[in-house]
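Q: Below are the structure tokens for one structure; questions will follow.
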Amino acid sequence: MGGTVVIKWGGGLITHKDQLCTVNQTVIDQLAKVCSQSGKKLVIVHGAGSFGHMKAKKYRLSEGRIEGSEQDDAVEEVRSDMIKLNQSVVNSLQSHGLSVKSYPPHKWARGTGPDFSGELPVHDHVTVVYGDVVDDDDSEFGILSGDDIMLRYATELPDVERAVFAIGGVDGILRLPPSRAGPDDLIEIWHPGLEFEGEHASEIDVTGGIGLKAARGAMMAEKGVDVVLVNGEIPQRVLSAILGESVIGTRIISGNS
Ligand code: IP8
């Protein structure tokens, strides 16, 4: 079976981002299928999309405890919404014959950002984790992005072959925001010295959008991990990316390469 491939299923890819708690079942099933076809040992990290960002934004959960603000129900609701999204992911993977174990981060991780604490759980075959509301020593709770979890798995597991970000609606990192970009604006090889004008829906998202993926991807590349971003709506590209074949998308290389 070889080494492990760490793959992010973007939240905007696997949910309908503008409709509260609505899964994109077609995409989830396509991704589950290619994961099963790949025959690889996988760590799948999924994002939150409309199961996390909308309520987290409304109740300002990424800011931690705000005195005088009623946030406790929202913390529990987002955790339970994320368990529902995770269940859809796990069910689909299992229905494609995979041996899967899922580990809700609020049970094993503390703190936010790339230096969160907690031992990374791993299952023999397919491990599933996701962006979540976690406890935090300073601010009581906060939002741990799947992108930070990706970074830690990709750089700390001993046998990682590569890291793949499957994202929604775009072919990779574009020079211009998707609304203004043309076919020639895909950046095929990106490193931190190369500027791009990412679009971040900060009125919707509580985590970092494409900019955070690029930044975490660069940190992985720095440690020698191959990183690629691909359009997650095109199953063949996701499969090629998992297998390490050449594919339309953005490869991230370290600033020093
Ligand atoms: O979508 C965010 O995770 P991400 C988690 O991976 C929540 O950045 C609960 C909003």
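In the structure tokens, chains take the letters A, B, ... in the order shown, each chain's residues start at 1, and ligands count up from 1 in the order shown.
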Give me the region 61-169 of chain A side of the contact with region 248-255 of chain A, cut-off 12 Å, one line per residue showing its nearest atom pair and distance in Å at one decimal, counting only C-alpha atoms, sorted by chain and residue number, as a Markdown table.
A:
| residue | atom | partner | partner_atom | distance |
| --- | --- | --- | --- | --- |
| A:Arg162 | CA | A:Arg251 | CA | 10.9 |
| A:Ala163 | CA | A:Ile252 | CA | 10.1 |
| A:Val164 | CA | A:Arg251 | CA | 9.4 |
| A:Phe165 | CA | A:Thr250 | CA | 9.6 |
| A:Ala166 | CA | A:Gly249 | CA | 9.7 |
| A:Ile167 | CA | A:Gly249 | CA | 10.2 |
Q: As a PDB file with N, CA, C and O atoms, in the first residue's frame, please: every protein or nucleic acid residue near ligand 1 (cut-off 10 Å, counting only C-alpha atoms and all ligand atoms).
A:
ATOM      1  N   LYS A   8      -7.167  17.085   1.900  1.00  0.00           N
ATOM      2  CA  LYS A   8      -8.232  17.946   2.421  1.00  0.00           C
ATOM      3  C   LYS A   8      -9.390  17.940   1.451  1.00  0.00           C
ATOM      4  O   LYS A   8      -9.217  18.165   0.246  1.00  0.00           O
ATOM      5  N   TRP A   9     -10.570  17.703   1.969  1.00  0.00           N
ATOM      6  CA  TRP A   9     -11.793  17.903   1.191  1.00  0.00           C
ATOM      7  C   TRP A   9     -12.330  19.267   1.646  1.00  0.00           C
ATOM      8  O   TRP A   9     -12.811  19.418   2.787  1.00  0.00           O
ATOM      9  N   GLY A  10     -12.231  20.259   0.788  1.00  0.00           N
ATOM     10  CA  GLY A  10     -12.639  21.614   1.168  1.00  0.00           C
ATOM     11  C   GLY A  10     -14.113  21.669   1.576  1.00  0.00           C
ATOM     12  O   GLY A  10     -14.954  20.980   0.993  1.00  0.00           O
ATOM     13  N   GLY A  11     -14.397  22.508   2.562  1.00  0.00           N
ATOM     14  CA  GLY A  11     -15.781  22.647   3.033  1.00  0.00           C
ATOM     15  C   GLY A  11     -16.700  23.215   1.956  1.00  0.00           C
ATOM     16  O   GLY A  11     -17.864  22.829   1.835  1.00  0.00           O
ATOM     17  N   GLY A  12     -16.137  24.141   1.152  1.00  0.00           N
ATOM     18  CA  GLY A  12     -16.929  24.733   0.070  1.00  0.00           C
ATOM     19  C   GLY A  12     -17.180  23.746  -1.057  1.00  0.00           C
ATOM     20  O   GLY A  12     -18.041  23.957  -1.907  1.00  0.00           O
ATOM     21  N   VAL A  45      -8.943  15.077   5.761  1.00  0.00           N
ATOM     22  CA  VAL A  45      -9.295  16.192   6.641  1.00  0.00           C
ATOM     23  C   VAL A  45     -10.378  16.963   5.905  1.00  0.00           C
ATOM     24  O   VAL A  45     -10.131  17.449   4.800  1.00  0.00           O
ATOM     25  N   HIS A  46     -11.565  17.071   6.461  1.00  0.00           N
ATOM     26  CA  HIS A  46     -12.558  17.844   5.718  1.00  0.00           C
ATOM     27  C   HIS A  46     -12.863  19.174   6.381  1.00  0.00           C
ATOM     28  O   HIS A  46     -12.710  19.347   7.586  1.00  0.00           O
ATOM     29  N   GLY A  47     -13.266  20.112   5.546  1.00  0.00           N
ATOM     30  CA  GLY A  47     -13.608  21.450   6.015  1.00  0.00           C
ATOM     31  C   GLY A  47     -15.051  21.483   6.513  1.00  0.00           C
ATOM     32  O   GLY A  47     -15.733  20.448   6.580  1.00  0.00           O
ATOM     33  N   ALA A  48     -15.525  22.695   6.811  1.00  0.00           N
ATOM     34  CA  ALA A  48     -16.821  22.849   7.464  1.00  0.00           C
ATOM     35  C   ALA A  48     -17.910  23.358   6.516  1.00  0.00           C
ATOM     36  O   ALA A  48     -19.074  22.979   6.645  1.00  0.00           O
ATOM     37  N   GLY A  49     -17.544  24.228   5.578  1.00  0.00           N
ATOM     38  CA  GLY A  49     -18.557  24.809   4.688  1.00  0.00           C
ATOM     39  C   GLY A  49     -19.743  25.341   5.482  1.00  0.00           C
ATOM     40  O   GLY A  49     -19.584  25.960   6.549  1.00  0.00           O
ATOM     41  N   SER A  50     -20.944  25.053   4.990  1.00  0.00           N
ATOM     42  CA  SER A  50     -22.146  25.628   5.616  1.00  0.00           C
ATOM     43  C   SER A  50     -22.547  24.930   6.921  1.00  0.00           C
ATOM     44  O   SER A  50     -23.516  25.318   7.553  1.00  0.00           O
ATOM     45  N   PHE A  51     -21.779  23.902   7.341  1.00  0.00           N
ATOM     46  CA  PHE A  51     -22.046  23.273   8.645  1.00  0.00           C
ATOM     47  C   PHE A  51     -21.256  23.946   9.764  1.00  0.00           C
ATOM     48  O   PHE A  51     -21.450  23.603  10.935  1.00  0.00           O
ATOM     49  N   GLY A  52     -20.354  24.858   9.406  1.00  0.00           N
ATOM     50  CA  GLY A  52     -19.527  25.457  10.449  1.00  0.00           C
ATOM     51  C   GLY A  52     -19.461  26.964  10.396  1.00  0.00           C
ATOM     52  O   GLY A  52     -19.689  27.651  11.382  1.00  0.00           O
ATOM     53  N   HIS A  53     -19.164  27.482   9.197  1.00  0.00           N
ATOM     54  CA  HIS A  53     -18.816  28.904   9.122  1.00  0.00           C
ATOM     55  C   HIS A  53     -19.966  29.844   9.431  1.00  0.00           C
ATOM     56  O   HIS A  53     -19.771  30.890  10.045  1.00  0.00           O
ATOM     57  N   MET A  54     -21.182  29.485   9.013  1.00  0.00           N
ATOM     58  CA  MET A  54     -22.284  30.444   9.186  1.00  0.00           C
ATOM     59  C   MET A  54     -22.569  30.710  10.671  1.00  0.00           C
ATOM     60  O   MET A  54     -22.587  31.856  11.110  1.00  0.00           O
ATOM     61  N   LYS A  55     -22.759  29.638  11.432  1.00  0.00           N
ATOM     62  CA  LYS A  55     -23.052  29.849  12.869  1.00  0.00           C
ATOM     63  C   LYS A  55     -21.821  30.353  13.614  1.00  0.00           C
ATOM     64  O   LYS A  55     -21.928  31.182  14.520  1.00  0.00           O
ATOM     65  N   ALA A  56     -20.645  29.867  13.220  1.00  0.00           N
ATOM     66  CA  ALA A  56     -19.426  30.325  13.895  1.00  0.00           C
ATOM     67  C   ALA A  56     -19.250  31.831  13.696  1.00  0.00           C
ATOM     68  O   ALA A  56     -18.836  32.557  14.598  1.00  0.00           O
ATOM     69  N   LYS A  57     -19.613  32.299  12.501  1.00  0.00           N
ATOM     70  CA  LYS A  57     -19.503  33.734  12.207  1.00  0.00           C
ATOM     71  C   LYS A  57     -20.521  34.521  13.037  1.00  0.00           C
ATOM     72  O   LYS A  57     -20.195  35.518  13.680  1.00  0.00           O
ATOM     73  N   LEU A  61     -17.471  32.714  17.133  1.00  0.00           N
ATOM     74  CA  LEU A  61     -16.785  31.653  17.878  1.00  0.00           C
ATOM     75  C   LEU A  61     -15.273  31.655  17.673  1.00  0.00           C
ATOM     76  O   LEU A  61     -14.533  31.197  18.544  1.00  0.00           O
ATOM     77  N   SER A  62     -14.797  32.207  16.530  1.00  0.00           N
ATOM     78  CA  SER A  62     -13.345  32.199  16.313  1.00  0.00           C
ATOM     79  C   SER A  62     -12.648  33.206  17.227  1.00  0.00           C
ATOM     80  O   SER A  62     -11.424  33.170  17.378  1.00  0.00           O
ATOM     81  N   VAL A  75     -21.673  26.880  20.390  1.00  0.00           N
ATOM     82  CA  VAL A  75     -20.514  25.972  20.425  1.00  0.00           C
ATOM     83  C   VAL A  75     -21.008  24.532  20.272  1.00  0.00           C
ATOM     84  O   VAL A  75     -20.504  23.759  19.441  1.00  0.00           O
ATOM     85  N   GLU A  77     -23.947  23.505  19.128  1.00  0.00           N
ATOM     86  CA  GLU A  77     -24.619  23.297  17.829  1.00  0.00           C
ATOM     87  C   GLU A  77     -23.621  23.072  16.703  1.00  0.00           C
ATOM     88  O   GLU A  77     -23.804  22.181  15.877  1.00  0.00           O
ATOM     89  N   VAL A  78     -22.581  23.909  16.660  1.00  0.00           N
ATOM     90  CA  VAL A  78     -21.610  23.748  15.565  1.00  0.00           C
ATOM     91  C   VAL A  78     -20.903  22.392  15.700  1.00  0.00           C
ATOM     92  O   VAL A  78     -20.703  21.683  14.712  1.00  0.00           O
ATOM     93  N   ARG A  79     -20.577  22.014  16.955  1.00  0.00           N
ATOM     94  CA  ARG A  79     -19.952  20.687  17.125  1.00  0.00           C
ATOM     95  C   ARG A  79     -20.882  19.592  16.616  1.00  0.00           C
ATOM     96  O   ARG A  79     -20.453  18.664  15.935  1.00  0.00           O
ATOM     97  N   SER A  80     -22.168  19.698  16.945  1.00  0.00           N
ATOM     98  CA  SER A  80     -23.059  18.616  16.510  1.00  0.00           C
ATOM     99  C   SER A  80     -23.356  18.706  15.014  1.00  0.00           C
ATOM    100  O   SER A  80     -23.485  17.683  14.343  1.00  0.00           O
ATOM    101  N   ASP A  81     -23.404  19.911  14.443  1.00  0.00           N
ATOM    102  CA  ASP A  81     -23.554  20.030  12.981  1.00  0.00           C
ATOM    103  C   ASP A  81     -22.355  19.385  12.278  1.00  0.00           C
ATOM    104  O   ASP A  81     -22.508  18.688  11.263  1.00  0.00           O
ATOM    105  N   MET A  82     -21.160  19.631  12.828  1.00  0.00           N
ATOM    106  CA  MET A  82     -19.959  19.065  12.200  1.00  0.00           C
ATOM    107  C   MET A  82     -19.960  17.537  12.296  1.00  0.00           C
ATOM    108  O   MET A  82     -19.490  16.862  11.386  1.00  0.00           O
ATOM    109  N   VAL A 129     -10.609  13.318   9.981  1.00  0.00           N
ATOM    110  CA  VAL A 129     -10.701  14.400  10.966  1.00  0.00           C
ATOM    111  C   VAL A 129     -11.224  15.641  10.242  1.00  0.00           C
ATOM    112  O   VAL A 129     -11.390  15.623   9.020  1.00  0.00           O
ATOM    113  N   TYR A 130     -11.476  16.711  10.968  1.00  0.00           N
ATOM    114  CA  TYR A 130     -12.092  17.869  10.311  1.00  0.00           C
ATOM    115  C   TYR A 130     -11.893  19.156  11.118  1.00  0.00           C
ATOM    116  O   TYR A 130     -11.550  19.099  12.310  1.00  0.00           O
ATOM    117  N   GLY A 131     -12.133  20.294  10.495  1.00  0.00           N
ATOM    118  CA  GLY A 131     -12.110  21.580  11.193  1.00  0.00           C
ATOM    119  C   GLY A 131     -13.235  21.593  12.226  1.00  0.00           C
ATOM    120  O   GLY A 131     -14.329  21.114  11.955  1.00  0.00           O
ATOM    121  N   ASP A 132     -12.968  22.138  13.418  1.00  0.00           N
ATOM    122  CA  ASP A 132     -13.940  21.974  14.518  1.00  0.00           C
ATOM    123  C   ASP A 132     -13.841  23.148  15.506  1.00  0.00           C
ATOM    124  O   ASP A 132     -12.906  23.952  15.448  1.00  0.00           O
ATOM    125  N   VAL A 133     -14.804  23.198  16.430  1.00  0.00           N
ATOM    126  CA  VAL A 133     -14.705  24.127  17.564  1.00  0.00           C
ATOM    127  C   VAL A 133     -13.986  23.359  18.671  1.00  0.00           C
ATOM    128  O   VAL A 133     -14.482  22.318  19.110  1.00  0.00           O
ATOM    129  N   VAL A 134     -12.834  23.850  19.078  1.00  0.00           N
ATOM    130  CA  VAL A 134     -12.054  23.134  20.094  1.00  0.00           C
ATOM    131  C   VAL A 134     -11.912  23.991  21.342  1.00  0.00           C
ATOM    132  O   VAL A 134     -12.093  25.212  21.305  1.00  0.00           O
ATOM    133  N   GLY A 142     -12.286  27.994  20.439  1.00  0.00           N
ATOM    134  CA  GLY A 142     -11.900  28.687  19.198  1.00  0.00           C
ATOM    135  C   GLY A 142     -12.112  27.745  18.028  1.00  0.00           C
ATOM    136  O   GLY A 142     -12.539  26.601  18.194  1.00  0.00           O
ATOM    137  N   ILE A 143     -11.828  28.245  16.827  1.00  0.00           N
ATOM    138  CA  ILE A 143     -12.018  27.431  15.623  1.00  0.00           C
ATOM    139  C   ILE A 143     -10.663  26.897  15.155  1.00  0.00           C
ATOM    140  O   ILE A 143      -9.755  27.671  14.837  1.00  0.00           O
ATOM    141  N   LEU A 144     -10.556  25.588  15.126  1.00  0.00           N
ATOM    142  CA  LEU A 144      -9.353  24.958  14.581  1.00  0.00           C
ATOM    143  C   LEU A 144      -9.656  24.588  13.136  1.00  0.00           C
ATOM    144  O   LEU A 144     -10.533  23.770  12.856  1.00  0.00           O
ATOM    145  N   SER A 145      -8.939  25.224  12.198  1.00  0.00           N
ATOM    146  CA  SER A 145      -9.187  24.962  10.773  1.00  0.00           C
ATOM    147  C   SER A 145      -8.603  23.611  10.352  1.00  0.00           C
ATOM    148  O   SER A 145      -7.526  23.211  10.816  1.00  0.00           O
ATOM    149  N   GLY A 146      -9.300  22.958   9.436  1.00  0.00           N
ATOM    150  CA  GLY A 146      -8.773  21.735   8.840  1.00  0.00           C
ATOM    151  C   GLY A 146      -7.430  21.968   8.159  1.00  0.00           C
ATOM    152  O   GLY A 146      -6.624  21.042   8.040  1.00  0.00           O
ATOM    153  N   ASP A 147      -7.158  23.193   7.715  1.00  0.00           N
ATOM    154  CA  ASP A 147      -5.877  23.476   7.050  1.00  0.00           C
ATOM    155  C   ASP A 147      -4.703  23.348   8.037  1.00  0.00           C
ATOM    156  O   ASP A 147      -3.620  22.895   7.670  1.00  0.00           O
ATOM    157  N   ASP A 148      -4.947  23.752   9.296  1.00  0.00           N
ATOM    158  CA  ASP A 148      -3.897  23.590  10.308  1.00  0.00           C
ATOM    159  C   ASP A 148      -3.721  22.117  10.665  1.00  0.00           C
ATOM    160  O   ASP A 148      -2.602  21.649  10.909  1.00  0.00           O
ATOM    161  N   ILE A 149      -4.832  21.389  10.680  1.00  0.00           N
ATOM    162  CA  ILE A 149      -4.743  19.948  10.970  1.00  0.00           C
ATOM    163  C   ILE A 149      -3.977  19.244   9.841  1.00  0.00           C
ATOM    164  O   ILE A 149      -3.132  18.389  10.081  1.00  0.00           O
ATOM    165  N   MET A 150      -4.250  19.645   8.588  1.00  0.00           N
ATOM    166  CA  MET A 150      -3.521  19.113   7.420  1.00  0.00           C
ATOM    167  C   MET A 150      -2.017  19.271   7.609  1.00  0.00           C
ATOM    168  O   MET A 150      -1.247  18.349   7.400  1.00  0.00           O
ATOM    169  N   ILE A 204     -18.323  35.454   5.178  1.00  0.00           N
ATOM    170  CA  ILE A 204     -18.892  34.111   5.391  1.00  0.00           C
ATOM    171  C   ILE A 204     -17.938  33.230   6.204  1.00  0.00           C
ATOM    172  O   ILE A 204     -18.332  32.562   7.142  1.00  0.00           O
ATOM    173  N   ASP A 205     -16.648  33.244   5.839  1.00  0.00           N
ATOM    174  CA  ASP A 205     -15.696  32.303   6.420  1.00  0.00           C
ATOM    175  C   ASP A 205     -15.065  32.830   7.694  1.00  0.00           C
ATOM    176  O   ASP A 205     -14.650  33.981   7.748  1.00  0.00           O
ATOM    177  N   VAL A 206     -14.914  31.930   8.668  1.00  0.00           N
ATOM    178  CA  VAL A 206     -14.183  32.342   9.872  1.00  0.00           C
ATOM    179  C   VAL A 206     -12.722  31.899   9.832  1.00  0.00           C
ATOM    180  O   VAL A 206     -11.941  32.262  10.688  1.00  0.00           O
ATOM    181  N   THR A 207     -12.361  31.071   8.842  1.00  0.00           N
ATOM    182  CA  THR A 207     -10.938  30.712   8.712  1.00  0.00           C
ATOM    183  C   THR A 207     -10.386  31.329   7.425  1.00  0.00           C
ATOM    184  O   THR A 207     -11.015  32.206   6.844  1.00  0.00           O
ATOM    185  N   GLY A 208      -9.235  30.861   6.964  1.00  0.00           N
ATOM    186  CA  GLY A 208      -8.459  31.678   6.030  1.00  0.00           C
ATOM    187  C   GLY A 208      -8.611  31.526   4.537  1.00  0.00           C
ATOM    188  O   GLY A 208      -7.850  32.110   3.785  1.00  0.00           O
ATOM    189  N   GLY A 209      -9.545  30.705   4.030  1.00  0.00           N
ATOM    190  CA  GLY A 209      -9.724  30.595   2.583  1.00  0.00           C
ATOM    191  C   GLY A 209      -8.456  30.114   1.872  1.00  0.00           C
ATOM    192  O   GLY A 209      -7.605  29.436   2.441  1.00  0.00           O
ATOM    193  N   ILE A 210      -8.325  30.498   0.616  1.00  0.00           N
ATOM    194  CA  ILE A 210      -7.230  30.013  -0.230  1.00  0.00           C
ATOM    195  C   ILE A 210      -5.862  30.479   0.302  1.00  0.00           C
ATOM    196  O   ILE A 210      -4.864  29.769   0.184  1.00  0.00           O
ATOM    197  N   LEU A 212      -4.899  30.756   3.407  1.00  0.00           N
ATOM    198  CA  LEU A 212      -4.432  29.861   4.477  1.00  0.00           C
ATOM    199  C   LEU A 212      -3.932  28.544   3.890  1.00  0.00           C
ATOM    200  O   LEU A 212      -2.914  28.000   4.320  1.00  0.00           O
ATOM    201  N   LYS A 213      -4.622  28.046   2.866  1.00  0.00           N
ATOM    202  CA  LYS A 213      -4.174  26.799   2.227  1.00  0.00           C
ATOM    203  C   LYS A 213      -2.784  27.003   1.621  1.00  0.00           C
ATOM    204  O   LYS A 213      -1.904  26.149   1.746  1.00  0.00           O
TER     205      LYS A 213
END
Q: Using only C-alpha atoms, can you tell me which of A:Val228, A:Val128, A:Ala109, A:Ile234 comes closest to Asn91 (chain A)?
A: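 Closest candidate: A:Val128.
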Q: Pick out the residues sitting within 9 Å of Val34 (chain A), and hand them over as an mmCIF file with N, CA, C and O atoms, in the first residue's frame; count only C-alpha atoms, and ignore anything fewer than 6 positions along from it in its own chain.
A:
data_model
loop_
_atom_site.group_PDB
_atom_site.id
_atom_site.type_symbol
_atom_site.label_atom_id
_atom_site.label_comp_id
_atom_site.auth_asym_id
_atom_site.auth_seq_id
_atom_site.Cartn_x
_atom_site.Cartn_y
_atom_site.Cartn_z
ATOM 1 N N PRO A 235 -13.215 14.395 -10.555
ATOM 2 C CA PRO A 235 -12.688 13.229 -9.832
ATOM 3 C C PRO A 235 -11.364 12.707 -10.383
ATOM 4 O O PRO A 235 -10.477 12.333 -9.612
ATOM 5 N N GLN A 236 -11.205 12.708 -11.722
ATOM 6 C CA GLN A 236 -9.975 12.179 -12.303
ATOM 7 C C GLN A 236 -8.744 12.968 -11.831
ATOM 8 O O GLN A 236 -7.677 12.401 -11.595
ATOM 9 N N VAL A 238 -8.502 14.520 -8.951
ATOM 10 C CA VAL A 238 -8.240 14.195 -7.537
ATOM 11 C C VAL A 238 -7.497 12.858 -7.461
ATOM 12 O O VAL A 238 -6.522 12.722 -6.716
ATOM 13 N N LEU A 239 -7.929 11.898 -8.276
ATOM 14 C CA LEU A 239 -7.265 10.585 -8.279
ATOM 15 C C LEU A 239 -5.804 10.733 -8.714
ATOM 16 O O LEU A 239 -4.896 10.214 -8.062
ATOM 17 N N ILE A 242 -3.771 12.220 -5.939
ATOM 18 C CA ILE A 242 -3.495 11.261 -4.852
ATOM 19 C C ILE A 242 -2.366 10.314 -5.265
ATOM 20 O O ILE A 242 -1.483 9.989 -4.484
#
Q: In region 13-243 of chain A, what's alpha helix (DSSP H) per DSSP? Answer as a count of residues only?
A: 84
Q: Suppose you want the space between CA of Val126 (chain A) and CA of Val89 (chain A); what is it in Å?
A: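 Going from CA of Val126 (chain A) over to CA of Val89 (chain A) covers 11.7 Å.
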Q: Quick one: of A:Leu151, A:Glu188, A:Leu85, A:Leu243, who's nearest to Leu20 (chain A), counting only C-alpha atoms?
A: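 Under the stated criterion, the closest residue is A:Leu85.
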Q: Please indicate the distance in Å from CA of Gln94 (chain A) to CA of Thr22 (chain A), rounded to one decimal place.
A: 20.2 Å
Q: Determine which residues of region 51-211 of chain A DSSP labels as strand (DSSP E or B) from the backbone of this structure, then write them out as a ChimeraX atom specification.
A: /A:100-102,110,117,126-130,132-136,140-144,160-167,174,186,189-190
Q: Quote the spacing between CA of Asp124 (chain A) and CA of Ile7 (chain A) in Å to one decimal place.
A: 15.7 Å
Q: I want to know what sits within 10 Å of Val160 (chain A), based on only C-alpha atoms, with residues of the same chain fewer than 3 positions away left out; could you give that as a PyMOL selection string?
A: chain A and resi 2-6+41-43+153-157+163+225-226
Q: Hey, what's within 12 Å of Glu195 (chain A) if we count only C-alpha atoms and toss same-chain stuff fewer than 3 positions away? As a list in words, please?
A: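 Selected residues are Ile173, Leu174, Arg175, Leu176, Ile187, Ile189, Trp190, His191, Pro192, Gly198, Gly211, Ala214 and Ala215 of chain A.
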Q: Which residue is closest to Gln87 (chain A)? Choose from A:Val23, A:Lys58, A:Asp72, A:Arg216 and count only C-alpha atoms.
A: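 Nearest to Gln87 (chain A): A:Val23.
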